>>> print(open('work.pdb').read())   # PDB, C-alpha atoms, pLDDT in the B column
ATOM      1  CA  MET A   1       0.000   0.000   0.000  1.00 40.00           C
ATOM      2  CA  TYR A   2       1.376   3.357  -1.003  1.00 41.00           C
ATOM      3  CA  CYS A   3       1.518   6.261   1.408  1.00 42.00           C
ATOM      4  CA  ALA A   4       1.551   9.945   0.656  1.00 37.00           C
ATOM      5  CA  ILE A   5       4.638  11.982   1.341  1.00 42.00           C
ATOM      6  CA  VAL A   6       4.984  15.741   1.441  1.00 37.00           C
ATOM      7  CA  LEU A   7       8.446  17.262   1.176  1.00 39.00           C
ATOM      8  CA  ALA A   8       9.181  20.425   3.111  1.00 36.00           C
ATOM      9  CA  VAL A   9      11.798  21.454   0.582  1.00 36.00           C
ATOM     10  CA  PRO A  10      11.723  24.902  -1.042  1.00 35.00           C
ATOM     11  CA  LEU A  11      11.932  24.722  -4.825  1.00 33.00           C
ATOM     12  CA  SER A  12      13.909  27.091  -6.989  1.00 34.00           C
ATOM     13  CA  ALA A  13      12.064  29.180  -9.542  1.00 30.00           C
ATOM     14  CA  GLY A  14      13.202  26.868 -12.324  1.00 33.00           C
ATOM     15  CA  CYS A  15      11.518  23.882 -10.645  1.00 35.00           C
ATOM     16  CA  ARG A  16       8.011  25.286 -10.362  1.00 32.00           C
ATOM     17  CA  GLU A  17       6.481  23.392 -13.277  1.00 34.00           C
ATOM     18  CA  THR A  18       3.087  21.737 -12.910  1.00 32.00           C
ATOM     19  CA  LEU A  19       3.016  18.013 -12.252  1.00 31.00           C
ATOM     20  CA  THR A  20       1.792  17.361 -15.789  1.00 33.00           C
ATOM     21  CA  GLN A  21       5.018  18.841 -17.151  1.00 32.00           C
ATOM     22  CA  VAL A  22       7.201  16.229 -15.476  1.00 37.00           C
ATOM     23  CA  GLU A  23       7.145  12.534 -16.380  1.00 47.00           C
ATOM     24  CA  SER A  24       6.894  10.171 -13.433  1.00 65.00           C
ATOM     25  CA  GLY A  25      10.295   8.982 -12.317  1.00 91.00           C
ATOM     26  CA  VAL A  26       8.944   5.819 -10.692  1.00 93.00           C
ATOM     27  CA  VAL A  27      10.498   2.671 -12.160  1.00 94.00           C
ATOM     28  CA  GLU A  28       9.080  -0.856 -11.727  1.00 95.00           C
ATOM     29  CA  ALA A  29       5.894   0.299 -10.009  1.00 92.00           C
ATOM     30  CA  ALA A  30       4.385  -3.170 -10.510  1.00 93.00           C
ATOM     31  CA  THR A  31       7.129  -5.002  -8.622  1.00 96.00           C
ATOM     32  CA  TRP A  32       9.457  -3.124  -6.236  1.00 97.00           C
ATOM     33  CA  PRO A  33       9.488   0.571  -7.156  1.00 96.00           C
ATOM     34  CA  ALA A  34      12.630   2.649  -7.574  1.00 97.00           C
ATOM     35  CA  LEU A  35      13.168   6.287  -8.551  1.00 97.00           C
ATOM     36  CA  GLU A  36      14.897   7.580 -11.658  1.00 95.00           C
ATOM     37  CA  ILE A  37      16.298  10.931 -10.490  1.00 96.00           C
ATOM     38  CA  GLU A  38      18.008  12.974 -13.198  1.00 94.00           C
ATOM     39  CA  GLN A  39      19.672  15.516 -10.916  1.00 95.00           C
ATOM     40  CA  ASP A  40      23.335  14.666 -10.287  1.00 95.00           C
ATOM     41  CA  LEU A  41      24.008  13.802  -6.667  1.00 96.00           C
ATOM     42  CA  PRO A  42      27.260  14.670  -4.868  1.00 95.00           C
ATOM     43  CA  GLY A  43      29.740  12.021  -3.820  1.00 94.00           C
ATOM     44  CA  LEU A  44      32.332  11.949  -1.070  1.00 90.00           C
ATOM     45  CA  GLY A  45      34.964  13.542  -3.291  1.00 86.00           C
ATOM     46  CA  ASP A  46      32.644  16.514  -3.880  1.00 88.00           C
ATOM     47  CA  VAL A  47      31.986  17.177  -0.229  1.00 84.00           C
ATOM     48  CA  VAL A  48      34.416  15.990   2.428  1.00 71.00           C
ATOM     49  CA  ALA A  49      37.634  14.849   0.810  1.00 56.00           C
ATOM     50  CA  THR A  50      38.542  18.330  -0.405  1.00 53.00           C
ATOM     51  CA  GLY A  51      40.103  18.915   3.013  1.00 55.00           C
ATOM     52  CA  LEU A  52      42.017  15.635   3.297  1.00 60.00           C
ATOM     53  CA  ALA A  53      45.635  14.871   2.495  1.00 51.00           C
ATOM     54  CA  GLY A  54      46.217  13.387  -0.968  1.00 56.00           C
ATOM     55  CA  GLY A  55      46.793   9.766   0.057  1.00 63.00           C
ATOM     56  CA  ASP A  56      43.916   9.752   2.527  1.00 73.00           C
ATOM     57  CA  GLU A  57      41.634  11.341  -0.035  1.00 76.00           C
ATOM     58  CA  VAL A  58      42.273   8.738  -2.744  1.00 80.00           C
ATOM     59  CA  ALA A  59      41.854   5.807  -0.355  1.00 85.00           C
ATOM     60  CA  ILE A  60      38.706   6.989   1.328  1.00 86.00           C
ATOM     61  CA  ILE A  61      37.008   7.979  -1.936  1.00 87.00           C
ATOM     62  CA  ALA A  62      37.786   4.552  -3.401  1.00 90.00           C
ATOM     63  CA  ARG A  63      36.302   2.877  -0.334  1.00 93.00           C
ATOM     64  CA  TRP A  64      33.182   5.025  -0.544  1.00 94.00           C
ATOM     65  CA  GLU A  65      32.650   4.345  -4.238  1.00 95.00           C
ATOM     66  CA  ALA A  66      33.017   0.594  -3.647  1.00 97.00           C
ATOM     67  CA  THR A  67      30.132   0.650  -1.165  1.00 97.00           C
ATOM     68  CA  TRP A  68      27.738   1.351  -4.030  1.00 97.00           C
ATOM     69  CA  ASP A  69      28.521  -2.058  -5.511  1.00 97.00           C
ATOM     70  CA  HIS A  70      26.494  -3.498  -2.634  1.00 97.00           C
ATOM     71  CA  GLY A  71      22.851  -3.358  -1.661  1.00 96.00           C
ATOM     72  CA  MET A  72      21.720  -1.090   1.129  1.00 96.00           C
ATOM     73  CA  ALA A  73      21.915  -3.633   3.974  1.00 94.00           C
ATOM     74  CA  LEU A  74      25.697  -3.887   3.650  1.00 96.00           C
ATOM     75  CA  GLY A  75      26.424  -0.624   1.841  1.00 97.00           C
ATOM     76  CA  GLU A  76      24.997   1.594   4.559  1.00 96.00           C
ATOM     77  CA  ASP A  77      27.078  -0.077   7.262  1.00 96.00           C
ATOM     78  CA  LEU A  78      30.213   0.358   5.180  1.00 97.00           C
ATOM     79  CA  ARG A  79      29.469   4.038   4.545  1.00 96.00           C
ATOM     80  CA  ASP A  80      28.813   4.698   8.232  1.00 95.00           C
ATOM     81  CA  GLU A  81      32.290   3.357   8.965  1.00 94.00           C
ATOM     82  CA  ILE A  82      33.788   5.530   6.232  1.00 91.00           C
ATOM     83  CA  TYR A  83      32.076   8.661   7.570  1.00 90.00           C
ATOM     84  CA  ARG A  84      33.455   7.939  11.037  1.00 89.00           C
ATOM     85  CA  ASP A  85      36.924   7.533   9.557  1.00 85.00           C
ATOM     86  CA  ALA A  86      36.543  10.721   7.525  1.00 80.00           C
ATOM     87  CA  GLY A  87      35.500  12.626  10.636  1.00 78.00           C
ATOM     88  CA  ALA A  88      38.518  11.332  12.535  1.00 75.00           C
ATOM     89  CA  LEU A  89      40.744  12.815   9.823  1.00 74.00           C
ATOM     90  CA  GLN A  90      39.249  16.232  10.618  1.00 71.00           C
ATOM     91  CA  PRO A  91      38.584  17.385   7.058  1.00 73.00           C
ATOM     92  CA  ALA A  92      38.260  21.070   6.280  1.00 76.00           C
ATOM     93  CA  PRO A  93      35.951  21.097   3.264  1.00 83.00           C
ATOM     94  CA  ASP A  94      35.489  24.163   1.122  1.00 87.00           C
ATOM     95  CA  PRO A  95      32.245  25.940   2.147  1.00 92.00           C
ATOM     96  CA  GLY A  96      31.558  26.567  -1.513  1.00 93.00           C
ATOM     97  CA  ALA A  97      31.744  22.849  -2.287  1.00 91.00           C
ATOM     98  CA  VAL A  98      29.377  22.101   0.576  1.00 93.00           C
ATOM     99  CA  GLY A  99      26.966  24.721  -0.734  1.00 95.00           C
ATOM    100  CA  ILE A 100      27.011  23.253  -4.243  1.00 95.00           C
ATOM    101  CA  ALA A 101      26.395  19.766  -2.851  1.00 95.00           C
ATOM    102  CA  THR A 102      23.503  21.024  -0.758  1.00 96.00           C
ATOM    103  CA  GLU A 103      21.865  22.711  -3.724  1.00 97.00           C
ATOM    104  CA  SER A 104      22.243  19.547  -5.809  1.00 97.00           C
ATOM    105  CA  VAL A 105      20.439  17.527  -3.161  1.00 97.00           C
ATOM    106  CA  ARG A 106      17.777  20.198  -2.825  1.00 97.00           C
ATOM    107  CA  GLY A 107      17.238  20.078  -6.572  1.00 97.00           C
ATOM    108  CA  ALA A 108      16.898  16.285  -6.485  1.00 97.00           C
ATOM    109  CA  LEU A 109      14.319  16.509  -3.694  1.00 95.00           C
ATOM    110  CA  GLY A 110      12.424  19.066  -5.726  1.00 94.00           C
ATOM    111  CA  GLU A 111      12.496  16.712  -8.685  1.00 94.00           C
ATOM    112  CA  VAL A 112      10.993  13.911  -6.596  1.00 94.00           C
ATOM    113  CA  LEU A 113       8.263  16.242  -5.380  1.00 88.00           C
ATOM    114  CA  LEU A 114       7.300  16.895  -8.993  1.00 88.00           C
ATOM    115  CA  PHE A 115       6.704  13.187  -9.632  1.00 85.00           C
ATOM    116  CA  GLY A 116       3.354  13.662  -7.923  1.00 72.00           C
ATOM    117  CA  GLY A 117       1.106  11.036  -6.372  1.00 76.00           C
ATOM    118  CA  SER A 118       2.278   8.923  -3.461  1.00 85.00           C
ATOM    119  CA  LEU A 119       5.290   6.730  -2.864  1.00 90.00           C
ATOM    120  CA  PRO A 120       5.520   3.280  -1.263  1.00 93.00           C
ATOM    121  CA  PRO A 121       6.834   3.258   2.308  1.00 94.00           C
ATOM    122  CA  HIS A 122      10.367   2.093   1.467  1.00 95.00           C
ATOM    123  CA  LEU A 123      10.823   5.084  -0.851  1.00 95.00           C
ATOM    124  CA  ALA A 124       8.941   7.564   1.329  1.00 95.00           C
ATOM    125  CA  ARG A 125      11.279   6.783   4.246  1.00 96.00           C
ATOM    126  CA  ARG A 126      14.328   7.527   2.116  1.00 97.00           C
ATOM    127  CA  ILE A 127      12.905  10.823   0.904  1.00 96.00           C
ATOM    128  CA  GLU A 128      12.054  11.828   4.466  1.00 96.00           C
ATOM    129  CA  ASP A 129      15.582  10.911   5.562  1.00 97.00           C
ATOM    130  CA  ALA A 130      17.035  13.029   2.766  1.00 97.00           C
ATOM    131  CA  GLY A 131      14.966  16.026   3.842  1.00 97.00           C
ATOM    132  CA  ARG A 132      16.016  15.589   7.472  1.00 98.00           C
ATOM    133  CA  PHE A 133      19.721  15.259   6.640  1.00 98.00           C
ATOM    134  CA  LEU A 134      19.503  18.284   4.369  1.00 97.00           C
ATOM    135  CA  GLU A 135      18.016  20.368   7.168  1.00 97.00           C
ATOM    136  CA  GLU A 136      20.766  19.206   9.544  1.00 97.00           C
ATOM    137  CA  SER A 137      23.324  20.211   6.924  1.00 97.00           C
ATOM    138  CA  ARG A 138      21.750  23.659   6.668  1.00 97.00           C
ATOM    139  CA  GLU A 139      21.852  24.115  10.445  1.00 97.00           C
ATOM    140  CA  SER A 140      25.517  23.062  10.608  1.00 96.00           C
ATOM    141  CA  ALA A 141      26.389  25.407   7.751  1.00 96.00           C
ATOM    142  CA  ALA A 142      24.678  28.257   9.584  1.00 97.00           C
ATOM    143  CA  ALA A 143      26.962  27.474  12.540  1.00 97.00           C
ATOM    144  CA  ARG A 144      29.919  27.366  10.110  1.00 95.00           C
ATOM    145  CA  ASP A 145      30.616  23.748  10.999  1.00 93.00           C
ATOM    146  CA  TRP A 146      31.480  22.839   7.419  1.00 91.00           C
ATOM    147  CA  ALA A 147      32.724  19.317   8.144  1.00 88.00           C
ATOM    148  CA  VAL A 148      29.398  18.249   9.666  1.00 91.00           C
ATOM    149  CA  ALA A 149      27.456  20.199   7.052  1.00 93.00           C
ATOM    150  CA  GLY A 150      29.307  18.322   4.321  1.00 92.00           C
ATOM    151  CA  ILE A 151      28.725  14.895   5.859  1.00 92.00           C
ATOM    152  CA  GLN A 152      25.014  15.553   6.380  1.00 95.00           C
ATOM    153  CA  ALA A 153      24.619  16.822   2.806  1.00 96.00           C
ATOM    154  CA  LEU A 154      26.293  13.634   1.654  1.00 95.00           C
ATOM    155  CA  ARG A 155      23.992  11.490   3.817  1.00 96.00           C
ATOM    156  CA  ALA A 156      21.036  13.270   2.235  1.00 98.00           C
ATOM    157  CA  ALA A 157      22.414  12.431  -1.211  1.00 97.00           C
ATOM    158  CA  ASP A 158      22.957   8.818  -0.106  1.00 97.00           C
ATOM    159  CA  ALA A 159      19.319   8.523   0.947  1.00 98.00           C
ATOM    160  CA  LEU A 160      18.246   9.613  -2.535  1.00 98.00           C
ATOM    161  CA  ARG A 161      20.831   7.472  -4.321  1.00 97.00           C
ATOM    162  CA  ALA A 162      19.497   4.481  -2.378  1.00 97.00           C
ATOM    163  CA  THR A 163      16.201   4.815  -4.267  1.00 97.00           C
ATOM    164  CA  SER A 164      17.875   4.413  -7.676  1.00 97.00           C
ATOM    165  CA  PRO A 165      17.119   1.390  -9.871  1.00 97.00           C
ATOM    166  CA  ARG A 166      20.695   0.115  -9.537  1.00 98.00           C
ATOM    167  CA  ALA A 167      20.761   0.364  -5.744  1.00 98.00           C
ATOM    168  CA  THR A 168      17.320  -1.229  -5.584  1.00 98.00           C
ATOM    169  CA  ALA A 169      18.341  -4.136  -7.799  1.00 98.00           C
ATOM    170  CA  LEU A 170      21.486  -4.750  -5.743  1.00 98.00           C
ATOM    171  CA  THR A 171      19.505  -4.619  -2.501  1.00 98.00           C
ATOM    172  CA  LEU A 172      16.969  -7.166  -3.726  1.00 98.00           C
ATOM    173  CA  VAL A 173      19.462  -9.573  -5.245  1.00 98.00           C
ATOM    174  CA  GLU A 174      21.626  -9.540  -2.114  1.00 97.00           C
ATOM    175  CA  ALA A 175      18.541 -10.215   0.017  1.00 97.00           C
ATOM    176  CA  ALA A 176      17.744 -13.234  -2.172  1.00 97.00           C
ATOM    177  CA  GLU A 177      21.345 -14.470  -2.095  1.00 97.00           C
ATOM    178  CA  ASP A 178      21.504 -14.163   1.688  1.00 96.00           C
ATOM    179  CA  ALA A 179      18.350 -16.249   1.989  1.00 96.00           C
ATOM    180  CA  LEU A 180      19.677 -18.863  -0.438  1.00 95.00           C
ATOM    181  CA  GLY A 181      23.080 -19.314   1.125  1.00 92.00           C
ATOM    182  CA  PRO A 182      25.833 -21.199  -0.728  1.00 89.00           C
ATOM    183  CA  PRO A 183      24.792 -23.497  -3.590  1.00 84.00           C
ATOM    184  CA  PRO A 184      24.347 -27.176  -2.739  1.00 82.00           C
ATOM    185  CA  SER A 185      27.161 -29.570  -3.534  1.00 74.00           C
ATOM    186  CA  GLN A 186      24.827 -31.367  -5.922  1.00 68.00           C
ATOM    187  CA  ILE A 187      22.541 -29.137  -7.970  1.00 62.00           C
ATOM    188  CA  ASP A 188      19.889 -31.836  -8.260  1.00 67.00           C
ATOM    189  CA  SER A 189      19.504 -31.896  -4.469  1.00 71.00           C
ATOM    190  CA  GLU A 190      18.011 -28.394  -4.290  1.00 78.00           C
ATOM    191  CA  ALA A 191      14.230 -28.079  -4.166  1.00 87.00           C
ATOM    192  CA  ALA A 192      12.461 -26.597  -7.168  1.00 88.00           C
ATOM    193  CA  GLY A 193      11.570 -23.265  -5.509  1.00 90.00           C
ATOM    194  CA  PRO A 194      15.049 -22.391  -4.244  1.00 92.00           C
ATOM    195  CA  ALA A 195      16.604 -23.648  -7.480  1.00 92.00           C
ATOM    196  CA  ARG A 196      14.355 -21.319  -9.459  1.00 95.00           C
ATOM    197  CA  ALA A 197      15.144 -18.442  -7.102  1.00 96.00           C
ATOM    198  CA  ARG A 198      18.876 -19.090  -7.465  1.00 95.00           C
ATOM    199  CA  ARG A 199      18.593 -18.882 -11.243  1.00 96.00           C
ATOM    200  CA  LEU A 200      16.604 -15.657 -10.981  1.00 97.00           C
ATOM    201  CA  ALA A 201      19.222 -14.132  -8.676  1.00 97.00           C
ATOM    202  CA  TRP A 202      21.973 -15.134 -11.089  1.00 97.00           C
ATOM    203  CA  TRP A 203      20.058 -13.652 -14.029  1.00 98.00           C
ATOM    204  CA  SER A 204      19.493 -10.510 -11.982  1.00 98.00           C
ATOM    205  CA  ARG A 205      23.255 -10.170 -11.504  1.00 98.00           C
ATOM    206  CA  ILE A 206      23.744 -10.478 -15.257  1.00 98.00           C
ATOM    207  CA  ALA A 207      21.136  -7.765 -15.864  1.00 98.00           C
ATOM    208  CA  ILE A 208      22.887  -5.475 -13.366  1.00 98.00           C
ATOM    209  CA  GLU A 209      26.200  -5.954 -15.160  1.00 98.00           C
ATOM    210  CA  ARG A 210      24.464  -4.985 -18.406  1.00 98.00           C
ATOM    211  CA  GLU A 211      22.842  -1.949 -16.727  1.00 97.00           C
ATOM    212  CA  ARG A 212      19.361  -3.321 -17.368  1.00 97.00           C
ATOM    213  CA  TYR A 213      18.173  -2.384 -13.927  1.00 97.00           C
ATOM    214  CA  SER A 214      14.420  -2.755 -14.422  1.00 97.00           C
ATOM    215  CA  LEU A 215      14.927  -6.334 -15.555  1.00 98.00           C
ATOM    216  CA  ALA A 216      17.316  -6.930 -12.656  1.00 98.00           C
ATOM    217  CA  ILE A 217      14.704  -5.651 -10.195  1.00 98.00           C
ATOM    218  CA  GLN A 218      12.041  -7.920 -11.664  1.00 98.00           C
ATOM    219  CA  ARG A 219      14.200 -11.029 -11.446  1.00 98.00           C
ATOM    220  CA  ALA A 220      15.471 -10.341  -7.928  1.00 98.00           C
ATOM    221  CA  TYR A 221      11.974  -9.411  -6.749  1.00 98.00           C
ATOM    222  CA  TYR A 222      10.508 -12.714  -7.885  1.00 97.00           C
ATOM    223  CA  ALA A 223      13.451 -14.581  -6.368  1.00 97.00           C
ATOM    224  CA  CYS A 224      12.650 -12.937  -3.030  1.00 97.00           C
ATOM    225  CA  LEU A 225       8.972 -13.851  -3.360  1.00 97.00           C
ATOM    226  CA  LEU A 226       9.830 -17.489  -4.038  1.00 96.00           C
ATOM    227  CA  LEU A 227      12.011 -17.542  -0.925  1.00 96.00           C
ATOM    228  CA  GLY A 228       9.545 -15.722   1.303  1.00 96.00           C
ATOM    229  CA  VAL A 229      12.057 -12.946   1.928  1.00 96.00           C
ATOM    230  CA  ARG A 230      10.774  -9.923   3.795  1.00 91.00           C
ATOM    231  CA  LEU A 231      11.625  -7.132   1.396  1.00 86.00           C
ATOM    232  CA  PRO A 232      13.758  -4.275   2.751  1.00 72.00           C
TER     233      PRO A 232
END
>>> encode(input="work.pdb", output="structure tokens")
Amino acid sequence: MYCAIVLAVPLSAGCRETLTQVESGVVEAATWPALEIEQDLPGLGDVVATGLAGGDEVAIIARWEATWDHGMALGEDLRDEIYRDAGALQPAPDPGAVGIATESVRGALGEVLLFGGSLPPHLARRIEDAGRFLEESRESAAARDWAVAGIQALRAADALRATSPRATALTLVEAAEDALGPPPSQIDSEAAGPARARRLAWWSRIAIERERYSLAIQRAYYACLLLGVRLP
């Protein structure tokens, strides 16, 4: 069941189109919906690493980027660890870079608002998180705490990036793989349902590699249904 969500995010003048002027960005509404957001979202290198030493910057950015090769269950834990490490390095990000990142996230939230209608709970929670992190970033910027402002802007971007078709497909396929466990020593010994789910998960991985994310979502979604997985 879908729930309504209202975003308390001010839109720029260029974003005040009517809902009919913007195509819905909801992907795979019939299975497990994701959002196709066109606005570019900032990454760690755009926000925090500007104040880190060269070697630290390269290493921590590489770690952060690698987290997006995982679904949200694992990826979020890895990013939390990275943000703690980044904070320990006491970065001094450029206020201008933080401001640009914040405006990018604000634009993405405005884009989601223009999709219209209501969003399913798993997406609505992410959008609410993004709005909350963005407000915390604004408050930290007002206090001239640019390191915290940068991290919170990045967390807001992460919440939106988590709704993307790729992140959604990875989250679903990892949920199915976790439920399946390692393959049996003899393929013929696996029951028909799990065997079918294992094939679907494998095909979903292939679709992800080929950047066919809608197809990947479909396959992983049905694998989860076959396994009785509680969807994230």
>>> resolve_selection(input="work.pdb", expression="the PyMOL selection byres ((chain A and resi 136) around 10)", output="JSON, numbers by chain")
{"A": [130, 131, 132, 133, 134, 135, 137, 138, 139, 140, 141, 142, 148, 149, 151, 152, 153, 156]}
>>> write_last_selection(input="work.pdb", atoms="C-alpha atoms", output="JSON list (two decimals), in the coordinates of the input")
[["chain", "number", "residue", "atom", "x", "y", "z"],
["A", 130, "ALA", "CA", 17.04, 13.03, 2.77],
["A", 131, "GLY", "CA", 14.97, 16.03, 3.84],
["A", 132, "ARG", "CA", 16.02, 15.59, 7.47],
["A", 133, "PHE", "CA", 19.72, 15.26, 6.64],
["A", 134, "LEU", "CA", 19.50, 18.28, 4.37],
["A", 135, "GLU", "CA", 18.02, 20.37, 7.17],
["A", 137, "SER", "CA", 23.32, 20.21, 6.92],
["A", 138, "ARG", "CA", 21.75, 23.66, 6.67],
["A", 139, "GLU", "CA", 21.85, 24.12, 10.44],
["A", 140, "SER", "CA", 25.52, 23.06, 10.61],
["A", 141, "ALA", "CA", 26.39, 25.41, 7.75],
["A", 142, "ALA", "CA", 24.68, 28.26, 9.58],
["A", 148, "VAL", "CA", 29.40, 18.25, 9.67],
["A", 149, "ALA", "CA", 27.46, 20.20, 7.05],
["A", 151, "ILE", "CA", 28.72, 14.90, 5.86],
["A", 152, "GLN", "CA", 25.01, 15.55, 6.38],
["A", 153, "ALA", "CA", 24.62, 16.82, 2.81],
["A", 156, "ALA", "CA", 21.04, 13.27, 2.24]]
>>> closest_residue(input="work.pdb", among="A:Pro33, A:Gly150, A:Pro165, A:Gly181", to="Leu123 of chain A", atoms="all atoms listed in the file")
A:Pro33
>>> closest_residue(input="work.pdb", among="A:Gly107, A:Gly116, A:Gly75, A:Pro232", to="Pro42 of chain A", atoms="only C-alpha atoms")
A:Gly107
>>> closest_residue(input="work.pdb", among="A:Asp178, A:Asp145, A:Glu190, A:Glu76", to="Ala92 of chain A", atoms="all atoms listed in the file")
A:Asp145
>>> closest_residue(input="work.pdb", among="A:Pro183, A:Pro121, A:Gly228, A:Gly45", to="Ala101 of chain A", atoms="all atoms listed in the file")
A:Gly45
>>> closest_atom_pairs(input="work.pdb", of="segment 67-171 of chain A", to="segment 200-213 of chain A", cutoff="10 Å", atoms="all atoms listed in the file", output="JSON lines")
{"residue": "A:Ser164", "atom": "CA", "partner": "A:Tyr213", "partner_atom": "CA", "distance": 9.2}
{"residue": "A:Pro165", "atom": "CA", "partner": "A:Tyr213", "partner_atom": "CA", "distance": 5.6}
{"residue": "A:Arg166", "atom": "CA", "partner": "A:Tyr213", "partner_atom": "CA", "distance": 5.6}
{"residue": "A:Ala167", "atom": "CA", "partner": "A:Tyr213", "partner_atom": "CA", "distance": 9.0}
{"residue": "A:Thr168", "atom": "CA", "partner": "A:Tyr213", "partner_atom": "CA", "distance": 8.5}
{"residue": "A:Ala169", "atom": "CA", "partner": "A:Tyr213", "partner_atom": "CA", "distance": 6.4}
{"residue": "A:Leu170", "atom": "CA", "partner": "A:Ile208", "partner_atom": "CA", "distance": 7.8}
>>> resolve_selection(input="work.pdb", expression="the PyMOL selection byres ((chain A and resi 163) around 6)", output="PyMOL selection string")
chain A and resi 34-35+160-162+164
>>> atom_distance(input="work.pdb", atom1="atom CA of Gly25 of chain A", atom2="atom CA of Cys224 of chain A")
23.9 Å
>>> residues_around(input="work.pdb", residues="Trp32 of chain A", least_positions_apart="3", cutoff="8 Å", atoms="only C-alpha atoms", output="list in words")
Glu28, Ala29, Ile217, Gln218 and Tyr221 of chain A
>>> residues_near_point(input="work.pdb", point="(12.2, -15.2, 0.0)", cutoff="10 Å", atoms="all atoms listed in the file", output="PyMOL selection string")
chain A and resi 175-180+193-194+197+220-231
>>> closest_residue(input="work.pdb", among="A:Leu215, A:Ala108, A:Leu172, A:Ala147", to="Glu38 of chain A", atoms="all atoms listed in the file")
A:Ala108
>>> axis_aligned_box(input="work.pdb", around="segment 79-93 of chain A", padding_each_side="6 Å", output="JSON")
{"center_x": 34.8, "center_y": 12.2, "center_z": 7.9, "size_x": 23.9, "size_y": 29.7, "size_z": 21.3}
>>> atom_distance(input="work.pdb", atom1="atom CA of Ala62 of chain A", atom2="atom CA of Arg79 of chain A")
11.5 Å
>>> atom_distance(input="work.pdb", atom1="atom CA of Ile82 of chain A", atom2="atom CA of Glu65 of chain A")
10.6 Å
>>> closest_residue(input="work.pdb", among="A:Arg144, A:Ile61, A:Pro184, A:Arg219", to="Arg199 of chain A", atoms="only C-alpha atoms")
A:Arg219
>>> decode(input="work.pdb", residues="segment 160-171 of chain A", atoms="N, CA, C and O atoms", output="mmCIF file, in the first residue's frame")
data_model
loop_
_atom_site.group_PDB
_atom_site.id
_atom_site.type_symbol
_atom_site.label_atom_id
_atom_site.label_comp_id
_atom_site.auth_asym_id
_atom_site.auth_seq_id
_atom_site.Cartn_x
_atom_site.Cartn_y
_atom_site.Cartn_z
ATOM 1 N N LEU A 160 18.872 9.542 -1.214
ATOM 2 C CA LEU A 160 18.246 9.613 -2.535
ATOM 3 C C LEU A 160 18.851 8.591 -3.488
ATOM 4 O O LEU A 160 18.135 7.935 -4.256
ATOM 5 N N ARG A 161 20.167 8.437 -3.440
ATOM 6 C CA ARG A 161 20.831 7.472 -4.321
ATOM 7 C C ARG A 161 20.359 6.046 -4.014
ATOM 8 O O ARG A 161 20.319 5.198 -4.904
ATOM 9 N N ALA A 162 19.979 5.808 -2.777
ATOM 10 C CA ALA A 162 19.497 4.481 -2.378
ATOM 11 C C ALA A 162 18.186 4.111 -3.060
ATOM 12 O O ALA A 162 17.827 2.928 -3.114
ATOM 13 N N THR A 163 17.471 5.101 -3.583
ATOM 14 C CA THR A 163 16.201 4.815 -4.267
ATOM 15 C C THR A 163 16.399 4.507 -5.744
ATOM 16 O O THR A 163 15.427 4.200 -6.435
ATOM 17 N N SER A 164 17.619 4.591 -6.242
ATOM 18 C CA SER A 164 17.875 4.413 -7.676
ATOM 19 C C SER A 164 17.611 2.977 -8.115
ATOM 20 O O SER A 164 17.667 2.039 -7.300
ATOM 21 N N PRO A 165 17.330 2.760 -9.386
ATOM 22 C CA PRO A 165 17.119 1.390 -9.871
ATOM 23 C C PRO A 165 18.299 0.471 -9.609
ATOM 24 O O PRO A 165 18.113 -0.694 -9.262
ATOM 25 N N ARG A 166 19.533 0.973 -9.769
ATOM 26 C CA ARG A 166 20.695 0.115 -9.537
ATOM 27 C C ARG A 166 20.795 -0.295 -8.073
ATOM 28 O O ARG A 166 20.990 -1.480 -7.761
ATOM 29 N N ALA A 167 20.686 0.677 -7.165
ATOM 30 C CA ALA A 167 20.761 0.364 -5.744
ATOM 31 C C ALA A 167 19.627 -0.573 -5.333
ATOM 32 O O ALA A 167 19.821 -1.481 -4.520
ATOM 33 N N THR A 168 18.460 -0.368 -5.894
ATOM 34 C CA THR A 168 17.320 -1.229 -5.584
ATOM 35 C C THR A 168 17.563 -2.652 -6.048
ATOM 36 O O THR A 168 17.306 -3.621 -5.313
ATOM 37 N N ALA A 169 18.067 -2.798 -7.275
ATOM 38 C CA ALA A 169 18.341 -4.136 -7.799
ATOM 39 C C ALA A 169 19.384 -4.848 -6.950
ATOM 40 O O ALA A 169 19.238 -6.035 -6.622
ATOM 41 N N LEU A 170 20.444 -4.147 -6.575
ATOM 42 C CA LEU A 170 21.486 -4.750 -5.743
ATOM 43 C C LEU A 170 20.943 -5.149 -4.371
ATOM 44 O O LEU A 170 21.299 -6.204 -3.829
ATOM 45 N N THR A 171 20.084 -4.311 -3.806
ATOM 46 C CA THR A 171 19.505 -4.619 -2.501
ATOM 47 C C THR A 171 18.662 -5.883 -2.566
ATOM 48 O O THR A 171 18.759 -6.759 -1.693
#
